[in-house]
Structures are given as C-alpha cells and as structure tokens.
Amino acid sequence: MDLSTRYNPSETEERWYAHWESRGYFRSVPDDREPFTIVIPPPNVTGVLHMGHMLNNTIQDILIRKARLDGKNACWVPGTDHASIATEAKVVQWLRKEKKLRKSDISREQFMEYAYQWKDKYGGIILKQLRKLGASCDWDRTAFTMDKGYYDDVIRTFVDLYRKGKLYRGLRMVNWDPEAKTVLSNEEVLHNEEQSHLFYIKYLLEGSDNEGITIATQRPETIFADVAVAVNPKDDRYRNMVGKMVRIPLIDRPIPVIADDYVDVEFGTGALKITPAHDQNDYEVGQRHNLEVLDTIADDGRINDVCTYKPIVGLDRFEARKQMQPALEASGNLVKIEEYTTSIGRSERTNAVVEPKLSLQWFVDMTSLGAPALKAVLDEQVKFYPPSFQNLYRNWMENLRDWCISRQLWWGQRIPAWYLKSEGPSKETFVFVASNADEALEIARKDTGNPNLGIDDLRQDEDVLDTWASSWLWPISVFDGFNKPDGEFKYYYPTNVLVTGWDIIFFWVARMIMASFEFKGQKPFKDVYFTGMVRDKQRRKMSKSLGNSPDALKLLEDFGADGVRYGLMSSAAAGGDILFDDKLCENGRNFCNKLWNALRLIKGWQQSETAESEEIARKNALAARWLREKFNQVLTEVEEDFRTFRLSEGLLTLYGFIWDDFCSWYLEMIKPGYEQPIDRATYAATLDLYSDIVVALHPFMPFITEELWHQLRDRSEGDDCIVQRYPKAGTSDQSLIGKVEAAKDIIARIRDLRNQNQIKPRDPLVLQVQDGSSAQALFAQEGLREMVVKLAVLSELSLVDTEPANAKSFISGTDKFYVVLNKEIDVAAECAKIKEELDYQRGFVRSIEGKLSNERFVNNAPPEIVENERKKLADGLERIQMLEESRKSLGCS
RNA sequence: CGGGCCAUAGCUCAGUUGGUUAGAGCGCCACGUUGACAUCGUGGAGGUCACAGGUUCGAAUCCCGUUGGUCCGACCA
C-alpha cells in the first residue's frame with residue numbers, strides 16, 4: 001500500500017484538468033442530444049479571481065457537470081467584458097506609469113492601440129485562474145465583448161433601436177463623474193448617508209443693506225450659479241418679497257425672488273436658491289420660470305470662469321466650499337452653519353462624488369422595452385431562484401427611467417452617429433446614425449439634399465457606449481445570434497440557467513431579458529440563480545480596502561479546489577449571503593481526506609473467494625443491500641435538490657451519506673478482522689457502490705472524484721468520471737432501511753452505555769433482548785443479528801423472557817434490552833435515570849392523548865395522521881410499561 | 001417617506017403544500033490511538049422557534065400588530 005495517509009490535491013488537480021482538456025470533454029458542438037447551456041457572467045477583462053467569482057463559477061460548474069453526467073450536451077461559454085470605465089482607468093494609469101504618457105497627449109487611435117496591448121498582456125488572467133477552480137468551460141468559445149463580431153452586433157443594435165425610435169439624443173440632467181470625466185447611468189451611482197453642513201446664507205434685497213432672504217444650502221460654492229431665490233406661493237413670510245430682486249453675496253448680482261410650489265415651507269428657511277446647472281430640481285424649476293442656466297463647474301470638478309467670484313475659480317469644488325465660509329463670514333452674509341446628514345451619490349467605479357450636470361447624451365427609451373421583460377418574469381417564463389427576487393425586479397421594472405448609454409471614454413464601442421463638421425459641437429441639427437461612415441454619408445447626402453458631401457465633411461460622435469449596452473447582448477452574441485440566427489444560436493438558445501449575483505439584477509439581468517425580447521422575441525434563459533454576496537465573519541462585504549478578502553489562489557493552494565468548492569457551497573443557499581470562513585474550506589479538505597482514506601481502507605483488503613462464515617456472508621449481504629437502498633433514497637433527494645437549485649442542500653445530503661452511512665456505518669459493517677480477507681462478492685459490491693457515489697459527488701468536487709474513480713478500478717482509456725452517467729435514483733425499501741436504523745440505534749445505545757460505565761470499546765458484552773413479537777420480527781431480518789454483534793462488540797445476543805440480574809437496561813423502539821454487567825450496579829443512579837426517561841415518556845404520551853381525546857382532531861385530521869398518533873401512543877405506553885417493570889425489579893422507590 | 005427580505009442551539013444556517021414535545025455543521029464537554037483517517041472515532045450537553053394577538057383539531061410554518069436587523073427605491077435647500 002503506497003497511498004499516502006493524506007489526500008494531496010495539488011498534483012492531482014493539475015493532472016486531471018489537463019487530461020479533461022486534452023480529451024476535449026469541455027468542448028460542445030451541436031448534435032442530437034438535448035443542450036444544456038450556460039453563459040458565464042463575463043468578468044471584467046481586468047479582473048482577478050475573488051471570492052464572488054469562485055462562488056459564482058463553482059455553481060455554474062456544478063450545474064454544467066451535472067448536465068454532462070445526465071447525458072446532455074453541456075455547453076458553458078466563458079469570456080470577459082471590456083468594462084469600459086474600469087479598464088480605461090487602468091490603461092490610463094498604466095500609460096502614465098510605464099510610458100510616461102497622459103491620455104491628452106495621444107490620439108484616440110494611439111490610445112486604443114495601447115489599450116489592446118495592455119489587454120493582451122494583462123487581460124483575461126481571471127480565465128486562467130478559473131481553470132484552477134475546475135471550471136469546465138468550453139474554452140474554444142471564449143468571447144470578449146470587444147471582439148470584432150461582438151462589436152458589430154452592438155453597433156447593429158444601436159442602429160436598430162435608433163431606427164425604431166427607441167433611442168434618442170437629448171439634453172438632460174445627468175450624473176457626472178468628475179474623476180472619470182464621463183456621464184454615468186442612474187444605476188452606476190451609489191447613494192449613502194454622509195455627514196455634511198447646511199449653510200444659512202442671507203441674500204440682501206436690492207437697495208437694502210439689512211433686509212433680505214436667508215436660504216439654506218449644502219453647496220455654498222454654487223451660489224454664483226444662482227439665477228433666482230424661490231419661495232412657496234402660500235408662504236406668508238415671503239409673500240411681499242416675490243417679484244423683488246435680491247443680490248447674490250460677494251458678487252452682488254441681482255436675481256429675482258420667484259414663487260414655486262416645489263418649495264417646502266417646512267424645510268430650512270422656506271427659501272431656496274435656484275441653481276439650474278447643478279441640481280435636477282432646480283433645473284426643473286428654472287425651466288418653469290424660463291430662467292437661464294449658468295454652469296460654474298468644469299468637467300473635472302473645478303470652478304470655471306463662468307463664476308464671477310474670482311477667488312475660487314480654478315479650485316476644486318470641495319476646496320472652493322472651504323473657502324466660502326470665511327468669505328461669507330467676512331461679508332456678513334453667513335447666518336449660521338448646521339450639522340447635516342444627507343445622502344450623497346458617488347460613482348460606483350471611482351467613488352467620486354457625482355455632480356448633477358446638464359448634458360447632451362444618448363438615451364434608450366425604456367417604455368416599450370420594459371413590458372415584455374417584466375411579464376416574462378412575472379409569468380415565470382424566466383424563473384428566479386430564490387423567487388423573492390421577483391419583487392425587487394418588479395419594483396424596478398415598474399419604475400423604469402430612460403437609460404443613459406453614452407460615455408465620454410475611448411475604450412468601448414464608439415457611438416455610430418455622425419454630424420456635420422460645419423455645425424458646432426453643441427448644436428447639431430443633423431444626426432446620421434448608421435453602421436459605418438459610408439452608410440452615414442449616404443444618409444447625410446439624402447437628409448441634407450447635398451450630393452456633394454464627402455466623408456471629410458462628417459464627424460463621428462466621440463463617445464462610446466456604456467459597457468452594459470454591450471453585455472446585454474452577451475447570450476445572443478456569443479452564439480452569433482445576429483448574423484446566423486439559424487446556426488448554433490438556434491440549438492443553444494435560450495440558454496438554460498444564468499448564475500449571477502443579485503447586485504447586478506438591474507445592470508445586467510433585466511437588460512439581457514429586455515434585449516432578448518427586443519431583438520429576438522424570446523427569453524434569454526429559463527432560470528436565474530441569484531447568488532448572495534460573499535461576506536466575512538463580521539458580515540462585512542469583502543473589499544480590497546478592508547483587506548478582508550482572502551487571496552483566492554492561496555485558498556485553492558491551501559485547501560485544494562475541491563475543498564474550497566465544498567467550503568463555498570456548504571453555506572451558500574441561493575440568494576443568501578455567505579459568511580465566509582476558512583474553517584469551511586478546512587471542512588472540505590477534511591472531507592477529501594475522508595474520501596481518500598475510505599479508498600485506502602478498501603484497497604488494503606485482501607480478497608477471498610467466499611466469506612469466512614455464513615454469518616459474515618449474511619451480514620455483508622445485508623450491509624450492501626442496505627447501503628444501496630439508502631443511496632437510492634439519497635439520490636432521490638439530491639435530484640430534487642438539483643431540480644430546485646438547492647445545491648448546498650444536495651451537497652450536504654451527499655456529505656452526510658458518505659461520511660456517516662458509507663464510512664462510519666457501512667465500511668465498519670463489512671470491515672474484515674485484522675489481516676483477514678473480504679469475500680469477493682462484497683468487495684465488488686463495495687467498489688461498485690463507491691464508484692457510483694463518486695460519480696454522484698463529481699459535480700461538486702470534480703478532482704478528487706476523478707482520482708478516486710481511477711484508483712478504484714483500472715479504467716480503460718476514456719472511461720473517466722467526468723463523462724459517466726449520473727447514477728439513477730431508484731425506489732428505496734423503507735422497511736429494510738428502518739430495520740437497519742433500528743440496529744444502529746441499538747448499537748449507539750450500547751456505545752453510550754460503555755461510555756457511561758467506563759467499559760472499553762473492545763470488551764465484549766452480553767446483550768439480551770426481551771422476547772416479543774417486535775424483537776422477533778426485527779431479528780428475523782437475515783444478517784441483522786450479526787451486524788449488531790459486530791458493531792456493538794458483543795459476545796452473545798439472545799432473546800430472554802425474564803430480566804437478568806446485574807443488568808442495565810435500555811429501550812430501543814419498543815424493545816427492551818439488557819446488558820449484563822459483571823459488577824454491582826448503582827441502583828439509585830439507575831432508578832434516577834429510569835425516572836427521567838419515564839417523565840419524558842409520560843409527557844410524550846400526555847400530549848398525544850390530548851390530541852386523540854379531542855374529537856375534532858380525530859374527525860378532521862387526515863386518517864393517516866390519526867393512525868400515526870395512535871401508533872405513537874401505543875409505543876409510548878409500551879415503553880412506560882417497560883420502564884415501570886424495570887423500576888419494580890430494581891426495587892426503586 | 002414607500003417597499004422587500006429576515007429574526008430557530010454559543011455561531012452559521014436547514015426545516016419544501018400546517019401534522020414525530022424542532023434538525024445539521026462548527027464550537028463546547030467527556031472518553032478514546034497497534035489495524036483507513038487525530039484533517040479521526042464514540043458519546044453527551046445545548047432551543048418558550050424575537051414579542052403580543054388571531055385562524056385551526058393542530059402553528060417554527062398561515063394572518064395581523066409590535067420590536068430589532070438588513071437591503072432597495074423616492075426625497076433630501
């Protein structure tokens with residue numbers, strides 16, 4: 001025996017992954033089998049493997065491997081997302097550090113060249129890391145959202161939406177990220193409560209140096225962009241002010257006092273400064289009153305020279321704010337400053353405070369896109385797991401706002417819209433949307449009526465599309481569904497299940513459903529499995545800044561991929577957050593070791609033609625039959641767990657079966673004596689059982705199961721675990737299982753008795769059973785007596801009529817057992833123990849009697865429930881009687 | 001302000017259409033090592049199922065309320 005006492009995953013995992021790949025097991029091409037398709041949620045091309053990816057991809061791999069074992073054509077498409085804003089930031093950083101270049105120093109073309117260089121060098125690391133996890137993706141299908149074909153699909157859908165009138169360009173108040181210098185969609189802005197100050201500032205009435213209106217604001221640096229002060233028309237305090245002019249502090253520019261219902265009389269002073277360029281609501285008020293828009297903040301967040309208060313021009317908005325306090329104090333306009341808690345929006349990517357900004361951007365009109373996507377989920381054509389996410393989804397879908405899809409970046413699909421060079425950048429009367437410049441020119445000539453226009457007269461939109469405006473096509477594009485709708489797309493689409501974190505339900509899931517109905521008239525997937533967030537033990541989200549995220553690769557090294565997969569899955573009910581703890585991976589590693597040592601045990605046995613004795617043969621036959629029945633029962637549960645995506649339940653069910661039933665019970669039942677052989681039939685049955693078990697566990701723990709599969713028997717070339725058929729769940733003989741359960745209970749009680757009485761595990765004991773019909777029936781089961789004798793380590797097991805002296809008794813089921821001890825027993829202690837048991841049984845019986853004496857229960861409850869209660873009562877009464885007898889014979893008081 | 005989800009053992013969670021005086025893993029305690037595994041074995045302790053009502057023959061499970069937690073959205077001068 002040269003198998004190590006510990007399972008060593010590192011070598012095994014690398015070897016089997018290479019083997020699987022070389023045999024092409026991950027490859028999928030359409031054939032006549034039923035397809036089972038998953039598209040990976042494409043990680044950012046810049047990404048490195050973290051806990052969330054490991055959880056997410058383990059789940060996908062489990063589903064794919066199960067489908068493969070079920071004989072389906074399993075196809076898992078991997079790939080990456082170009083992640084425009086995140087990647088562009090990285091490339092800019094890299095250029096500055098490595099090439100000493102600023103983005104503004106180079107052309108768009110040069111930048112893109114560098115970006116692709118960067119992507120080829122550093123991008124897609126994560127896909128290599130996924131292999132270490134065991135992910136059985138079809139790598140030949142690896143896709144990227146900026147691949148040529150994919151790029152074209154994005155452009156094509158843009159043009160399509162534009163032509164259908166579902167895409168427009170408009171001047172709107174948008175979320176501006178001054179750090180990335182781009183606009184963001186509403187979903188990319190995260191709101192959080194933050195500590196701030198409320199400045200009370202007095203605007204003096206024109207012609208007066210003490211009368212005026214005090215307003216409250218958080219942003220004193222924006223007062224120079226004010227165009228009015230607004231009050232509520234019903235507010236008596238200010239009624240006489242409306243229509244008069246007040247002066248902006250420090251610059252004395254006069255602005256009108258206006259009345260608008262929007263103003264809340266209760267809040268602050270009831271007077272509000274109107275700054276249309278820097279606040280959504282102010283903008284709307286301004287529109288109603290035909291006020292001008294003064295924008296004093298530049299794209300980088302600094303105060304620009306529209307601001308006529310010169311000391312703050314050129315300063316960052318926050319720096320400018322700091323300067324305002326002393327300045328306003330000096331001028332006497334500052335009334336007071338209050339502490340104030342308010343919700344601040346920050347960019348999801350850069351964490352910069354988002355600036356509301358009036359800007360010309362492209363928007364998708366969501367009115368017609370939302371309806372079918374909402375319906376599909378409510379009708380469960382697309383089914384969510386757990387279903388509670390339906391509510392979240394509905395809530396959002398019923399309040400859809402138009403989607404801003406232009407971004408002021410270079411890395412991404414450039415917006416296919418052209419303008420006339422002769423027109424300025426801010427007032428294009430002509431917009432030509434087309435798949436390419438030539439087509440755009442054609443349209444331009446027609447629209448302008450000028451056949452002499454040349455390509456040089458046109459200028460393409462500088463912006464690119466939101467990354468989600470490409471990833472929403474992912475399930476369609478990876479199968480080339482736009483160009484070849486009758487090709488592979490037809491076979492693989494709609495995909496079976498999408499596995500993703502619930503945090504991108506709006507960013508991605510909802511939009512994929514919308515895109516699929518809009519462009520393909522059908523759903524993109526049948527089921528959506530939402531994973532929770534991976535958190536640390538203190539429930540904090542794992543993040544780089546907290547440093548609480550374990551190094552994924554180190555975990556894989558420390559515990560093996562199977563151990564980590566176990567650790568992630570064992571606490572990962574769908575949708576629920578998982579509180580990650582190394583301990584869980586340790587459990588997984590220990591489980592691998594358990595499996596490994598079961599193998600070592602079995603492989604160490606010598607075989608003999610027949611069993612040593614009839615008794616052993618009967619015992620072993622019963623054991624093997626029982627385990628098979630139990631396995632059938634377990635498989636039925638596991639199949640149900642897979643069907644309902646209760647993967648962690650399924651894994652734990654198998655874990656319990658393997659550790660307890662297979663290792664602790666079955667192997668102990670059949671284990672031959674020291675240096676004795678096992679009969680060939682039992683040995684073969686055991687290898688068969690273990691092989692089946694290993695296949696059943698394979699989706700969860702692919703590496704060790706493949707290794708065990710090959711260690712158990714010599715397998716021919718291509719006879720690998722990964723391509724077996726999943727063992728079929730058959731019916732299970734509950735009566736037989738029940739009998740062995742009874743035997744296990746007897747054995748456990750004897751072990752307890754040994755523990756309580758300091759009797760060594762291997763000292764043989766004499767066990768007697770009170771003769772009776774149920775005892776006779778139990779021991780009539782062939783092999784059962786031998787099983788109890790072996791595992792309880794008995795020298796004798798017999799049925800008796802009378803209670804022996806010097807014996808301790810226990811009740812198992814409805815049978816009374818005596819363990820004969822060769823020593824005086826402590827009568828008082830024994831009596832106390834029986835008394836305790838008696839109290840419990842009496843309480844038990846009382847509660848059942850309560851039910852059964854209730855006529856309404858007997859009349860209304862289903863007959864089988866009533867029958868079961870009667871049986872429980874009879875058993876309870878029988879046990880009480882036996883306990884009473886024991887008390888009598890012991891002479892308890 | 002509106003909405004969702006949650007509250008079960010020391011911890012993390014199961015408990016599927018209401019039906020065994022509630023289960024698992026970890027942790028804890030006791031005992032145990034020539035014979036697969038100490039990354040182990042055997043056994044044990046540990047819960048008024050957040051609180052208060054209601055429906056029902058019967059509630060951890062269904063309904064209402066309260067409290068606490070958490071998330072989402074709106075508003076936010």
# chains A, B, ... in the order shown; residues from 1 in each chain; ligands from 1
call {"tool": "closest_atom_pairs", "arguments": {"of": "chain A", "to": "chain B", "cutoff": "7 Å", "atoms": "only C-alpha atoms (C1' of nucleotides)", "output": "Markdown table"}}
result
| residue | atom | partner | partner_atom | distance |
| --- | --- | --- | --- | --- |
| A:Ala216 | CA | B:A77 | C1' | 5.3 |
| A:Thr217 | CA | B:A77 | C1' | 5.0 |
| A:Gly268 | CA | B:A77 | C1' | 6.7 |
| A:Leu272 | CA | B:A77 | C1' | 5.4 |
| A:Thr342 | CA | B:C76 | C1' | 6.6 |
| A:Asn391 | CA | B:G4 | C1' | 6.7 |
| A:Leu392 | CA | B:G4 | C1' | 6.6 |
| A:Asn590 | CA | B:U39 | C1' | 4.7 |
| A:Asn593 | CA | B:U39 | C1' | 6.7 |
| A:Lys594 | CA | B:C37 | C1' | 6.0 |
| A:Asn597 | CA | B:A36 | C1' | 4.7 |
| A:Ala598 | CA | B:A36 | C1' | 5.6 |
| A:Arg600 | CA | B:A36 | C1' | 5.5 |
| A:Leu601 | CA | B:A36 | C1' | 4.1 |
| A:Tyr674 | CA | B:G35 | C1' | 5.9 |
| A:Arg751 | CA | B:U42 | C1' | 6.8 |
| A:Asp752 | CA | B:G43 | C1' | 5.4 |
| A:Asn755 | CA | B:G43 | C1' | 6.4 |
| A:Phe844 | CA | B:U21 | C1' | 6.0 |
| A:Asn854 | CA | B:C57 | C1' | 6.7 |
| A:Arg856 | CA | B:C57 | C1' | 4.6 |
| A:Phe857 | CA | B:C57 | C1' | 3.6 |
| A:Asn860 | CA | B:C57 | C1' | 6.4 |
| A:Ala861 | CA | B:C57 | C1' | 6.9 |
| A:Ile865 | CA | B:G19 | C1' | 6.5 |
call {"tool": "select_by_dssp", "arguments": {"residues": "region 315-405 of chain A", "states": "helix (DSSP H, G or I)", "output": "number ranges by chain"}}
result
A: 317-331, 367-378, 389-397
call {"tool": "select_by_dssp", "arguments": {"residues": "region 446-560 of chain A", "states": "strand (DSSP E)", "output": "list in words"}}
result
Leu458, Arg459, Gln460, Val464, Leu465, Thr495, Asn496, Val497, Leu498, Val499, Thr500, Gly501, Phe525, Lys526, Asp527, Val528, Tyr529, Phe530, Thr531, Val534 and Arg535 of chain A
call {"tool": "atom_distance", "arguments": {"atom1": "CA of Ile455 (chain A)", "atom2": "CA of Ala437 (chain A)"}}
result
7.2 Å
call {"tool": "atom_distance", "arguments": {"atom1": "CA of Gln93 (chain A)", "atom2": "CA of Leu190 (chain A)"}}
result
23.8 Å
call {"tool": "residues_around", "arguments": {"residues": "Lys603 (chain A)", "least_positions_apart": "5", "cutoff": "12 Å", "atoms": "only C-alpha atoms (C1' of nucleotides)", "output": "ChimeraX atom specification"}}
result
/A:1-3,596-598,671,677-678,683-684,686-687,690,708,711-713 /B:36
